[in-house]
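Q: Input final-v8.pdb, format and content: PDB, C-alpha atoms and all ligand atoms.
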MODEL        1
ATOM      1  CA  MET A   1     -13.674  11.786 -10.130  1.00  0.00           C
ATOM      2  CA  SER A   2     -13.187   8.465  -8.399  1.00  0.00           C
ATOM      3  CA  ASP A   3     -13.178   5.004  -9.870  1.00  0.00           C
ATOM      4  CA  CYS A   4     -16.367   3.046  -9.433  1.00  0.00           C
ATOM      5  CA  PHE A   5     -17.266  -0.569  -9.101  1.00  0.00           C
ATOM      6  CA  LEU A   6     -20.193  -1.472 -11.248  1.00  0.00           C
ATOM      7  CA  THR A   7     -23.017  -3.302  -9.607  1.00  0.00           C
ATOM      8  CA  ASN A   8     -25.584  -4.685 -11.986  1.00  0.00           C
ATOM      9  CA  LEU A   9     -28.691  -4.262  -9.883  1.00  0.00           C
ATOM     10  CA  ASN A  10     -31.341  -4.656 -12.511  1.00  0.00           C
ATOM     11  CA  HIS A  11     -31.504  -5.876 -16.074  1.00  0.00           C
ATOM     12  CA  GLY A  12     -35.031  -4.598 -16.526  1.00  0.00           C
ATOM     13  CA  LYS A  13     -36.510  -1.160 -16.974  1.00  0.00           C
ATOM     14  CA  ARG A  14     -34.021   1.679 -17.293  1.00  0.00           C
ATOM     15  CA  THR A  15     -34.891   5.331 -16.954  1.00  0.00           C
ATOM     16  CA  PRO A  16     -32.116   7.651 -15.813  1.00  0.00           C
ATOM     17  CA  SER A  17     -28.624   6.977 -17.140  1.00  0.00           C
ATOM     18  CA  ILE A  18     -27.071   5.179 -14.172  1.00  0.00           C
ATOM     19  CA  GLY A  19     -23.675   3.635 -14.856  1.00  0.00           C
ATOM     20  CA  GLY A  20     -22.631   2.506 -11.397  1.00  0.00           C
ATOM     21  CA  PHE A  21     -23.540   2.252  -7.744  1.00  0.00           C
ATOM     22  CA  VAL A  22     -21.305   1.900  -4.696  1.00  0.00           C
ATOM     23  CA  PRO A  23     -23.329   1.042  -1.587  1.00  0.00           C
ATOM     24  CA  PHE A  24     -20.741   2.234   0.974  1.00  0.00           C
ATOM     25  CA  SER A  25     -17.961   4.768   0.579  1.00  0.00           C
ATOM     26  CA  THR A  26     -15.866   6.718   3.065  1.00  0.00           C
ATOM     27  CA  VAL A  27     -13.837   8.627   0.485  1.00  0.00           C
ATOM     28  CA  ASP A  28     -16.308  10.328  -1.858  1.00  0.00           C
ATOM     29  CA  TRP A  29     -17.717  12.796   0.695  1.00  0.00           C
ATOM     30  CA  PRO A  30     -15.202  13.866   3.380  1.00  0.00           C
ATOM     31  CA  GLY A  31     -16.405  12.890   6.836  1.00  0.00           C
ATOM     32  CA  GLU A  32     -19.602  11.204   5.637  1.00  0.00           C
ATOM     33  CA  LEU A  33     -20.438   7.534   5.119  1.00  0.00           C
ATOM     34  CA  SER A  34     -22.192   7.576   1.795  1.00  0.00           C
ATOM     35  CA  ALA A  35     -23.491   5.601  -1.122  1.00  0.00           C
ATOM     36  CA  VAL A  36     -22.387   6.777  -4.556  1.00  0.00           C
ATOM     37  CA  VAL A  37     -24.532   6.874  -7.690  1.00  0.00           C
ATOM     38  CA  PHE A  38     -22.541   7.190 -10.919  1.00  0.00           C
ATOM     39  CA  ILE A  39     -24.436   8.930 -13.709  1.00  0.00           C
ATOM     40  CA  ALA A  40     -23.256   7.789 -17.139  1.00  0.00           C
ATOM     41  CA  GLY A  41     -22.632  10.603 -19.612  1.00  0.00           C
ATOM     42  CA  CYS A  42     -20.250  13.507 -20.040  1.00  0.00           C
ATOM     43  CA  PRO A  43     -19.846  15.881 -23.000  1.00  0.00           C
ATOM     44  CA  TRP A  44     -16.164  16.449 -22.313  1.00  0.00           C
ATOM     45  CA  ALA A  45     -13.181  14.248 -23.103  1.00  0.00           C
ATOM     46  CA  CYS A  46     -10.507  15.084 -20.533  1.00  0.00           C
ATOM     47  CA  HIS A  47      -7.308  13.245 -21.410  1.00  0.00           C
ATOM     48  CA  TYR A  48      -6.819  12.087 -17.819  1.00  0.00           C
ATOM     49  CA  CYS A  49     -10.412  10.912 -17.251  1.00  0.00           C
ATOM     50  CA  HIS A  50     -10.423   8.006 -14.786  1.00  0.00           C
ATOM     51  CA  ASN A  51     -13.923   6.870 -15.747  1.00  0.00           C
ATOM     52  CA  PRO A  52     -13.925   6.964 -19.559  1.00  0.00           C
ATOM     53  CA  HIS A  53     -16.506   4.158 -19.585  1.00  0.00           C
ATOM     54  CA  LEU A  54     -18.875   6.683 -17.984  1.00  0.00           C
ATOM     55  CA  GLN A  55     -18.493   9.319 -20.717  1.00  0.00           C
ATOM     56  CA  GLN A  56     -21.201   7.689 -22.835  1.00  0.00           C
ATOM     57  CA  ARG A  57     -24.840   7.912 -21.782  1.00  0.00           C
ATOM     58  CA  GLY A  58     -26.873   4.769 -21.373  1.00  0.00           C
ATOM     59  CA  GLY A  59     -26.041   3.161 -18.040  1.00  0.00           C
ATOM     60  CA  ALA A  60     -27.587  -0.223 -17.388  1.00  0.00           C
ATOM     61  CA  LEU A  61     -28.713   0.085 -13.769  1.00  0.00           C
ATOM     62  CA  SER A  62     -32.267   0.482 -12.486  1.00  0.00           C
ATOM     63  CA  TRP A  63     -32.973   3.642 -10.531  1.00  0.00           C
ATOM     64  CA  GLU A  64     -35.920   1.936  -8.847  1.00  0.00           C
ATOM     65  CA  ASN A  65     -33.651  -0.786  -7.519  1.00  0.00           C
ATOM     66  CA  ILE A  66     -31.112   1.743  -6.277  1.00  0.00           C
ATOM     67  CA  LEU A  67     -33.854   3.693  -4.493  1.00  0.00           C
ATOM     68  CA  SER A  68     -35.096   0.465  -2.949  1.00  0.00           C
ATOM     69  CA  THR A  69     -31.563  -0.342  -1.761  1.00  0.00           C
ATOM     70  CA  LEU A  70     -31.184   3.145  -0.326  1.00  0.00           C
ATOM     71  CA  GLN A  71     -34.484   2.852   1.560  1.00  0.00           C
ATOM     72  CA  LYS A  72     -32.998  -0.129   3.397  1.00  0.00           C
ATOM     73  CA  ARG A  73     -29.920   1.964   4.297  1.00  0.00           C
ATOM     74  CA  VAL A  74     -31.808   4.802   6.012  1.00  0.00           C
ATOM     75  CA  GLY A  75     -30.122   5.282   9.378  1.00  0.00           C
ATOM     76  CA  LEU A  76     -26.993   3.396   8.256  1.00  0.00           C
ATOM     77  CA  LEU A  77     -25.667   5.960   5.780  1.00  0.00           C
ATOM     78  CA  ASP A  78     -25.149   9.678   6.234  1.00  0.00           C
ATOM     79  CA  GLY A  79     -25.772  10.571   2.635  1.00  0.00           C
ATOM     80  CA  VAL A  80     -25.722   9.873  -1.063  1.00  0.00           C
ATOM     81  CA  VAL A  81     -23.240  11.259  -3.593  1.00  0.00           C
ATOM     82  CA  PHE A  82     -24.081  11.739  -7.266  1.00  0.00           C
ATOM     83  CA  SER A  83     -20.928  11.403  -9.321  1.00  0.00           C
ATOM     84  CA  GLY A  84     -20.071  10.412 -12.877  1.00  0.00           C
ATOM     85  CA  GLY A  85     -19.321  10.968 -15.667  1.00  0.00           C
ATOM     86  CA  GLU A  86     -20.948  14.330 -15.167  1.00  0.00           C
ATOM     87  CA  PRO A  87     -24.089  13.893 -13.048  1.00  0.00           C
ATOM     88  CA  PHE A  88     -25.875  16.902 -14.547  1.00  0.00           C
ATOM     89  CA  SER A  89     -25.460  15.493 -18.052  1.00  0.00           C
ATOM     90  CA  ASP A  90     -28.672  13.644 -17.203  1.00  0.00           C
ATOM     91  CA  PRO A  91     -31.544  16.141 -17.152  1.00  0.00           C
ATOM     92  CA  LEU A  92     -33.222  13.926 -14.539  1.00  0.00           C
ATOM     93  CA  CYS A  93     -30.396  14.386 -12.038  1.00  0.00           C
ATOM     94  CA  THR A  94     -32.123  17.041  -9.945  1.00  0.00           C
ATOM     95  CA  GLN A  95     -35.250  14.866  -9.699  1.00  0.00           C
ATOM     96  CA  LEU A  96     -33.120  11.962  -8.496  1.00  0.00           C
ATOM     97  CA  ILE A  97     -31.482  14.213  -5.924  1.00  0.00           C
ATOM     98  CA  ARG A  98     -34.896  15.290  -4.625  1.00  0.00           C
ATOM     99  CA  GLN A  99     -36.079  11.686  -4.363  1.00  0.00           C
ATOM    100  CA  VAL A 100     -33.033  10.744  -2.317  1.00  0.00           C
ATOM    101  CA  LYS A 101     -33.449  13.828  -0.164  1.00  0.00           C
ATOM    102  CA  ALA A 102     -37.068  12.840   0.485  1.00  0.00           C
ATOM    103  CA  LEU A 103     -35.818   9.560   1.976  1.00  0.00           C
ATOM    104  CA  GLY A 104     -34.018  11.592   4.618  1.00  0.00           C
ATOM    105  CA  PHE A 105     -30.452  11.446   3.292  1.00  0.00           C
ATOM    106  CA  LYS A 106     -28.062  14.316   2.904  1.00  0.00           C
ATOM    107  CA  VAL A 107     -27.019  14.676  -0.739  1.00  0.00           C
ATOM    108  CA  ALA A 108     -23.781  15.702  -2.451  1.00  0.00           C
ATOM    109  CA  VAL A 109     -22.642  15.973  -6.058  1.00  0.00           C
ATOM    110  CA  HIS A 110     -19.296  15.810  -7.800  1.00  0.00           C
ATOM    111  CA  THR A 111     -19.452  18.080 -10.806  1.00  0.00           C
ATOM    112  CA  ALA A 112     -17.114  19.596 -13.349  1.00  0.00           C
ATOM    113  CA  GLY A 113     -19.372  22.625 -13.774  1.00  0.00           C
ATOM    114  CA  ILE A 114     -20.679  21.937 -17.258  1.00  0.00           C
ATOM    115  CA  TYR A 115     -24.386  22.731 -16.675  1.00  0.00           C
ATOM    116  CA  PRO A 116     -24.883  25.986 -14.723  1.00  0.00           C
ATOM    117  CA  SER A 117     -28.688  26.094 -14.881  1.00  0.00           C
ATOM    118  CA  ARG A 118     -29.031  22.470 -13.712  1.00  0.00           C
ATOM    119  CA  LEU A 119     -26.609  23.090 -10.854  1.00  0.00           C
ATOM    120  CA  ARG A 120     -28.546  26.220  -9.800  1.00  0.00           C
ATOM    121  CA  GLU A 121     -31.770  24.227  -9.836  1.00  0.00           C
ATOM    122  CA  ALA A 122     -30.261  21.493  -7.646  1.00  0.00           C
ATOM    123  CA  LEU A 123     -28.415  23.670  -5.130  1.00  0.00           C
ATOM    124  CA  PRO A 124     -31.337  24.135  -2.683  1.00  0.00           C
ATOM    125  CA  SER A 125     -31.440  20.337  -2.267  1.00  0.00           C
ATOM    126  CA  LEU A 126     -27.682  19.853  -1.841  1.00  0.00           C
ATOM    127  CA  ASP A 127     -25.609  19.562   1.326  1.00  0.00           C
ATOM    128  CA  TRP A 128     -22.151  19.496  -0.245  1.00  0.00           C
ATOM    129  CA  VAL A 129     -20.523  19.913  -3.658  1.00  0.00           C
ATOM    130  CA  GLY A 130     -17.157  18.632  -4.842  1.00  0.00           C
ATOM    131  CA  PHE A 131     -16.321  21.008  -7.681  1.00  0.00           C
ATOM    132  CA  ASP A 132     -13.608  20.275 -10.247  1.00  0.00           C
ATOM    133  CA  ILE A 133     -11.513  23.227 -11.317  1.00  0.00           C
ATOM    134  CA  LYS A 134      -9.437  21.585 -13.980  1.00  0.00           C
ATOM    135  CA  THR A 135      -7.080  24.353 -15.025  1.00  0.00           C
ATOM    136  CA  THR A 136      -6.844  28.050 -15.784  1.00  0.00           C
ATOM    137  CA  PRO A 137      -9.633  29.371 -18.047  1.00  0.00           C
ATOM    138  CA  GLY A 138      -7.329  29.453 -21.056  1.00  0.00           C
ATOM    139  CA  GLY A 139      -6.286  25.849 -20.520  1.00  0.00           C
ATOM    140  CA  TYR A 140      -9.763  24.310 -20.572  1.00  0.00           C
ATOM    141  CA  PRO A 141     -10.200  23.626 -24.306  1.00  0.00           C
ATOM    142  CA  ALA A 142      -6.930  21.704 -24.550  1.00  0.00           C
ATOM    143  CA  LEU A 143      -7.649  19.663 -21.428  1.00  0.00           C
ATOM    144  CA  THR A 144     -11.340  18.923 -22.028  1.00  0.00           C
ATOM    145  CA  GLY A 145     -11.196  18.674 -25.816  1.00  0.00           C
ATOM    146  CA  ARG A 146     -14.097  21.156 -26.018  1.00  0.00           C
ATOM    147  CA  HIS A 147     -14.184  24.825 -27.073  1.00  0.00           C
ATOM    148  CA  GLN A 148     -15.604  27.346 -24.599  1.00  0.00           C
ATOM    149  CA  SER A 149     -15.572  24.812 -21.772  1.00  0.00           C
ATOM    150  CA  ALA A 150     -14.289  27.383 -19.253  1.00  0.00           C
ATOM    151  CA  GLU A 151     -17.369  29.637 -19.402  1.00  0.00           C
ATOM    152  CA  PRO A 152     -19.906  27.314 -17.742  1.00  0.00           C
ATOM    153  CA  VAL A 153     -17.356  26.476 -15.044  1.00  0.00           C
ATOM    154  CA  GLN A 154     -17.078  30.128 -14.094  1.00  0.00           C
ATOM    155  CA  GLN A 155     -20.880  30.441 -14.026  1.00  0.00           C
ATOM    156  CA  CYS A 156     -21.132  27.382 -11.781  1.00  0.00           C
ATOM    157  CA  LEU A 157     -18.449  28.715  -9.449  1.00  0.00           C
ATOM    158  CA  GLU A 158     -20.328  32.012  -9.117  1.00  0.00           C
ATOM    159  CA  ALA A 159     -23.523  30.074  -8.360  1.00  0.00           C
ATOM    160  CA  LEU A 160     -21.750  28.048  -5.659  1.00  0.00           C
ATOM    161  CA  ILE A 161     -20.298  31.122  -4.000  1.00  0.00           C
ATOM    162  CA  ALA A 162     -23.692  32.872  -4.064  1.00  0.00           C
ATOM    163  CA  TRP A 163     -25.328  29.711  -2.654  1.00  0.00           C
ATOM    164  CA  GLY A 164     -23.218  29.878   0.505  1.00  0.00           C
ATOM    165  CA  GLY A 165     -23.357  26.140   1.254  1.00  0.00           C
ATOM    166  CA  PRO A 166     -20.316  23.920   1.795  1.00  0.00           C
ATOM    167  CA  PHE A 167     -18.253  23.065  -1.255  1.00  0.00           C
ATOM    168  CA  GLU A 168     -14.696  22.116  -2.082  1.00  0.00           C
ATOM    169  CA  CYS A 169     -12.885  23.128  -5.242  1.00  0.00           C
ATOM    170  CA  ARG A 170     -10.318  20.592  -6.335  1.00  0.00           C
ATOM    171  CA  THR A 171      -7.764  20.414  -9.095  1.00  0.00           C
ATOM    172  CA  THR A 172      -6.260  17.215 -10.430  1.00  0.00           C
ATOM    173  CA  TRP A 173      -2.728  18.366 -11.013  1.00  0.00           C
ATOM    174  CA  HIS A 174       0.310  17.399 -13.013  1.00  0.00           C
ATOM    175  CA  PRO A 175       2.851  19.775 -14.608  1.00  0.00           C
ATOM    176  CA  ASP A 176       2.229  18.036 -17.943  1.00  0.00           C
ATOM    177  CA  TRP A 177      -0.941  20.140 -18.249  1.00  0.00           C
ATOM    178  CA  LEU A 178      -0.598  22.848 -15.569  1.00  0.00           C
ATOM    179  CA  THR A 179       2.700  24.293 -14.419  1.00  0.00           C
ATOM    180  CA  GLU A 180       3.149  24.957 -10.720  1.00  0.00           C
ATOM    181  CA  THR A 181       3.240  28.687 -11.489  1.00  0.00           C
ATOM    182  CA  ALA A 182      -0.096  28.396 -13.303  1.00  0.00           C
ATOM    183  CA  LEU A 183      -1.514  26.318 -10.429  1.00  0.00           C
ATOM    184  CA  LEU A 184      -0.579  29.039  -7.934  1.00  0.00           C
ATOM    185  CA  ASP A 185      -2.066  31.686 -10.217  1.00  0.00           C
ATOM    186  CA  LEU A 186      -5.276  29.650 -10.471  1.00  0.00           C
ATOM    187  CA  ALA A 187      -5.412  29.229  -6.687  1.00  0.00           C
ATOM    188  CA  GLN A 188      -4.946  32.960  -6.122  1.00  0.00           C
ATOM    189  CA  ARG A 189      -7.843  33.682  -8.465  1.00  0.00           C
ATOM    190  CA  LEU A 190     -10.065  31.177  -6.652  1.00  0.00           C
ATOM    191  CA  SER A 191      -9.161  32.626  -3.270  1.00  0.00           C
ATOM    192  CA  ALA A 192      -9.887  36.158  -4.514  1.00  0.00           C
ATOM    193  CA  GLN A 193     -13.271  34.990  -5.798  1.00  0.00           C
ATOM    194  CA  GLY A 194     -14.247  33.671  -2.376  1.00  0.00           C
ATOM    195  CA  VAL A 195     -13.312  29.984  -2.459  1.00  0.00           C
ATOM    196  CA  ARG A 196     -12.449  28.840   1.076  1.00  0.00           C
ATOM    197  CA  LYS A 197     -11.766  25.105   0.631  1.00  0.00           C
ATOM    198  CA  TYR A 198      -9.352  23.857  -1.986  1.00  0.00           C
ATOM    199  CA  ALA A 199      -7.655  20.552  -2.705  1.00  0.00           C
ATOM    200  CA  VAL A 200      -4.871  19.619  -5.096  1.00  0.00           C
ATOM    201  CA  GLN A 201      -5.000  15.981  -6.164  1.00  0.00           C
ATOM    202  CA  ARG A 202      -1.747  14.652  -7.553  1.00  0.00           C
ATOM    203  CA  SER A 203      -2.114  12.861 -10.849  1.00  0.00           C
ATOM    204  CA  ARG A 204       0.142  10.663 -12.844  1.00  0.00           C
ATOM    205  CA  SER A 205       1.573  12.123 -16.020  1.00  0.00           C
ATOM    206  CA  THR A 206      -0.127  11.394 -19.296  1.00  0.00           C
ATOM    207  CA  THR A 207       3.137   9.562 -19.914  1.00  0.00           C
ATOM    208  CA  ARG A 208       2.423   6.765 -17.461  1.00  0.00           C
ATOM    209  CA  SER A 209       6.027   5.744 -17.041  1.00  0.00           C
ATOM    210  CA  LEU A 210       6.894   9.037 -15.345  1.00  0.00           C
ATOM    211  CA  PRO A 211       6.528   9.298 -11.565  1.00  0.00           C
ATOM    212  CA  VAL A 212       3.848  11.275  -9.776  1.00  0.00           C
ATOM    213  CA  ALA A 213       4.979  14.916  -9.650  1.00  0.00           C
ATOM    214  CA  GLU A 214       4.941  16.937  -6.442  1.00  0.00           C
ATOM    215  CA  VAL A 215       4.091  20.569  -5.856  1.00  0.00           C
ATOM    216  CA  SER A 216       7.157  22.185  -4.254  1.00  0.00           C
ATOM    217  CA  LEU A 217       7.196  22.780  -0.499  1.00  0.00           C
ATOM    218  CA  ILE A 218       7.072  26.524  -1.017  1.00  0.00           C
ATOM    219  CA  GLY A 219       4.178  26.057  -3.430  1.00  0.00           C
ATOM    220  CA  ARG A 220       2.216  24.025  -0.899  1.00  0.00           C
ATOM    221  CA  THR A 221       2.913  26.616   1.792  1.00  0.00           C
ATOM    222  CA  THR A 222       1.599  29.328  -0.505  1.00  0.00           C
ATOM    223  CA  LEU A 223      -1.515  27.293  -1.253  1.00  0.00           C
ATOM    224  CA  ARG A 224      -2.190  26.684   2.444  1.00  0.00           C
ATOM    225  CA  GLY A 225      -2.030  30.408   3.072  1.00  0.00           C
ATOM    226  CA  LEU A 226      -4.695  31.158   0.483  1.00  0.00           C
ATOM    227  CA  PHE A 227      -7.556  29.064   1.894  1.00  0.00           C
ATOM    228  CA  GLN A 228      -9.253  28.291   5.194  1.00  0.00           C
ATOM    229  CA  THR A 229      -8.849  24.606   4.342  1.00  0.00           C
ATOM    230  CA  PHE A 230      -6.292  23.202   1.924  1.00  0.00           C
ATOM    231  CA  SER A 231      -5.706  19.531   1.169  1.00  0.00           C
ATOM    232  CA  TYR A 232      -2.858  17.997  -0.810  1.00  0.00           C
ATOM    233  CA  ARG A 233      -3.556  14.406  -1.661  1.00  0.00           C
TER     234      ARG A 233
HETATM  235  S1  LIG B 301     -15.426  16.054 -16.900  1.00  0.00           S
HETATM  236 FE1  LIG B 301     -14.951  14.287 -15.562  1.00  0.00          FE
HETATM  237  S2  LIG B 301     -16.126  12.572 -16.442  1.00  0.00           S
HETATM  238 FE2  LIG B 301     -16.086  14.206 -18.009  1.00  0.00          FE
HETATM  239  S3  LIG B 301     -14.319  13.607 -19.300  1.00  0.00           S
HETATM  240 FE3  LIG B 301     -13.595  15.096 -17.755  1.00  0.00          FE
HETATM  241  S4  LIG B 301     -12.791  13.800 -16.074  1.00  0.00           S
HETATM  242 FE4  LIG B 301     -14.094  12.473 -17.373  1.00  0.00          FE
ENDMDL
END
Mind turning this structure into structure tokens?
Ligand code: SF4
A:
Amino acid sequence: MSDCFLTNLNHGKRTPSIGGFVPFSTVDWPGELSAVVFIAGCPWACHYCHNPHLQQRGGALSWENILSTLQKRVGLLDGVVFSGGEPFSDPLCTQLIRQVKALGFKVAVHTAGIYPSRLREALPSLDWVGFDIKTTPGGYPALTGRHQSAEPVQQCLEALIAWGGPFECRTTWHPDWLTETALLDLAQRLSAQGVRKYAVQRSRSTTRSLPVAEVSLIGRTTLRGLFQTFSYR
């Protein structure tokens, strides 16, 4: 999930757990000019998390002020992205999505697939989902720091495939936590399950002094052959 810039919009009443707001973004929803709402809270503790300040619930921003800002952007933005943290860690997330939808915006979420029932509830209101597939099922506990973290991800993936709307699976990759062989195995499983869009996002090693690793040319060619759309970034 992407870095955010925190905008303190309101020091007053706080309801949902909003940890950040970006009024304009061209990178969080491919092809769409969007605003991004960062929900604070995540039950996992991935060692490579880029937004660790958003793992704790209790964001300081006012949802009312964000809605008011968004109302002034109708016609200027294509949509609104809910990111995090994990957006569905807040039980109010689907209500927020519906409120934004009612303003006339398209809505997307970035999710790691931790809350299958909340995702299913939100799907009819969503126009796009960026879905993190962190590793092979057996690798989840070590990466997320949580037992049985792979099961809800599989349930969410099945819900997305059954939904039939546009979504992208993406894996933040480094051989420190996922070998290239395991990455290719993971990609083959996703392709066989019906995933059509996949992205591999290069990450720095957990040992920061090491350079960014690259998937081999033959590996990238294999990945491209498995999906209708494949991005390597
Ligand atoms: S699921 Fe996302 S927000 Fe939660 S710890 Fe992992 S990388 Fe961070």
Q: May I have the residues within 12 Å of ligand LIG 301 (chain B), computed using all atoms listed in the file, as an MDAnalysis selection string?
A: chainID A and resid 1:4 19 38:57 83:89 110:115 130:135 140:146 149:150 153 171:172 203
Q: Have a look at A:Gly225, A:Gly219, A:Pro16, A:Pro137 and name the one nearest to A:Thr94; count only C-alpha atoms.
A: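 Using only C-alpha atoms, A:Thr94 sits closest to A:Pro16.
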Q: Between atom CA of A:Leu123 and atom CA of A:Glu151, what is the distance, to one decimal in Å?
A: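 Separation of atom CA of A:Leu123 and atom CA of A:Glu151: 19.0 Å.
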Q: Which of these, A:Val81, A:Arg73, A:Pro116, A:Ala122, has the shortest distance to A:Arg98 once you count all atoms listed in the file?
A: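 Closest residue, counting all atoms listed in the file: A:Ala122.
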Q: Pick from A:Pro30, A:Ser62, A:Thr229, A:Ala35: nearest to A:Ile18, with all atoms listed in the file counted?
A: A:Ser62
Q: If the PyMOL selection byres (((chain A and resi 232) around 9) and not hetatm) were run on this exact file, what residues would it hold? Put them as a list in words.
A: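 In the shown coordinates, the PyMOL selection byres (((chain A and resi 232) around 9) and not hetatm) covers Tyr198, Ala199, Val200, Gln201, Arg202, Val215, Arg220, Phe230, Ser231 and Arg233 of chain A.
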Q: If the PyMOL selection byres (((chain A and resi 197) around 10) and not hetatm) were run on this exact file, what residues would it hold? Put them as a PyMOL selection string.
A: chain A and resi 166-170+190-191+194-196+198-199+224+226-231
Q: Which neighbours of A:Leu96 fall inside 12 Å, counting only C-alpha atoms, when residues of the same chain fewer than 5 positions from it are skipped, and could you give them as a list in words?
A: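 Here the answer would be Thr15, Pro16, Ser17, Ile18, Val37, Phe38, Ile39, Trp63, Glu64, Ile66, Leu67, Val80, Val81, Phe82, Pro87, Phe88, Asp90, Pro91, Lys101, Ala102, Leu103, Val107, Ala108, Val109, Ala122, Ser125 and Leu126 of chain A.
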Q: Quick one: everything within 10 Å of A:Gly79, counting all atoms listed in the file, minus sequence neighbours fewer than 2 positions away in the same chain. Send it as a list in words.
A: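 Near neighbours after the sequence-gap exclusion: Phe24, Ser25, Trp29, Glu32, Leu33, Ser34, Ala35, Val36, Leu70, Arg73, Val74, Gly75, Leu76, Leu77, Val81, Val100, Lys101, Gly104, Phe105, Lys106, Val107, Ala108 and Asp127 of chain A.
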Q: Go through the shown structure with the PyMOL selection byres (((chain A and resi 184) around 10) and not hetatm) and write out the matching residues as a list of chain:residue names.
A: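 Against this file, the PyMOL selection byres (((chain A and resi 184) around 10) and not hetatm) returns the residues A:Leu178, A:Thr179, A:Glu180, A:Thr181, A:Ala182, A:Leu183, A:Asp185, A:Leu186, A:Ala187, A:Gln188, A:Arg189, A:Leu190, A:Val215, A:Gly219, A:Arg220, A:Thr222, A:Leu223, A:Leu226.
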Q: Distance atom CA of A:Trp163-atom CA of A:Ile97, one decimal place?
A: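 Between atom CA of A:Trp163 and atom CA of A:Ile97 the gap works out to 17.0 Å.
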Q: What is the atom CA of A:Trp173 to atom CA of A:Asp28 distance in Å?
A: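 Distance between the two atoms: 18.2 Å.
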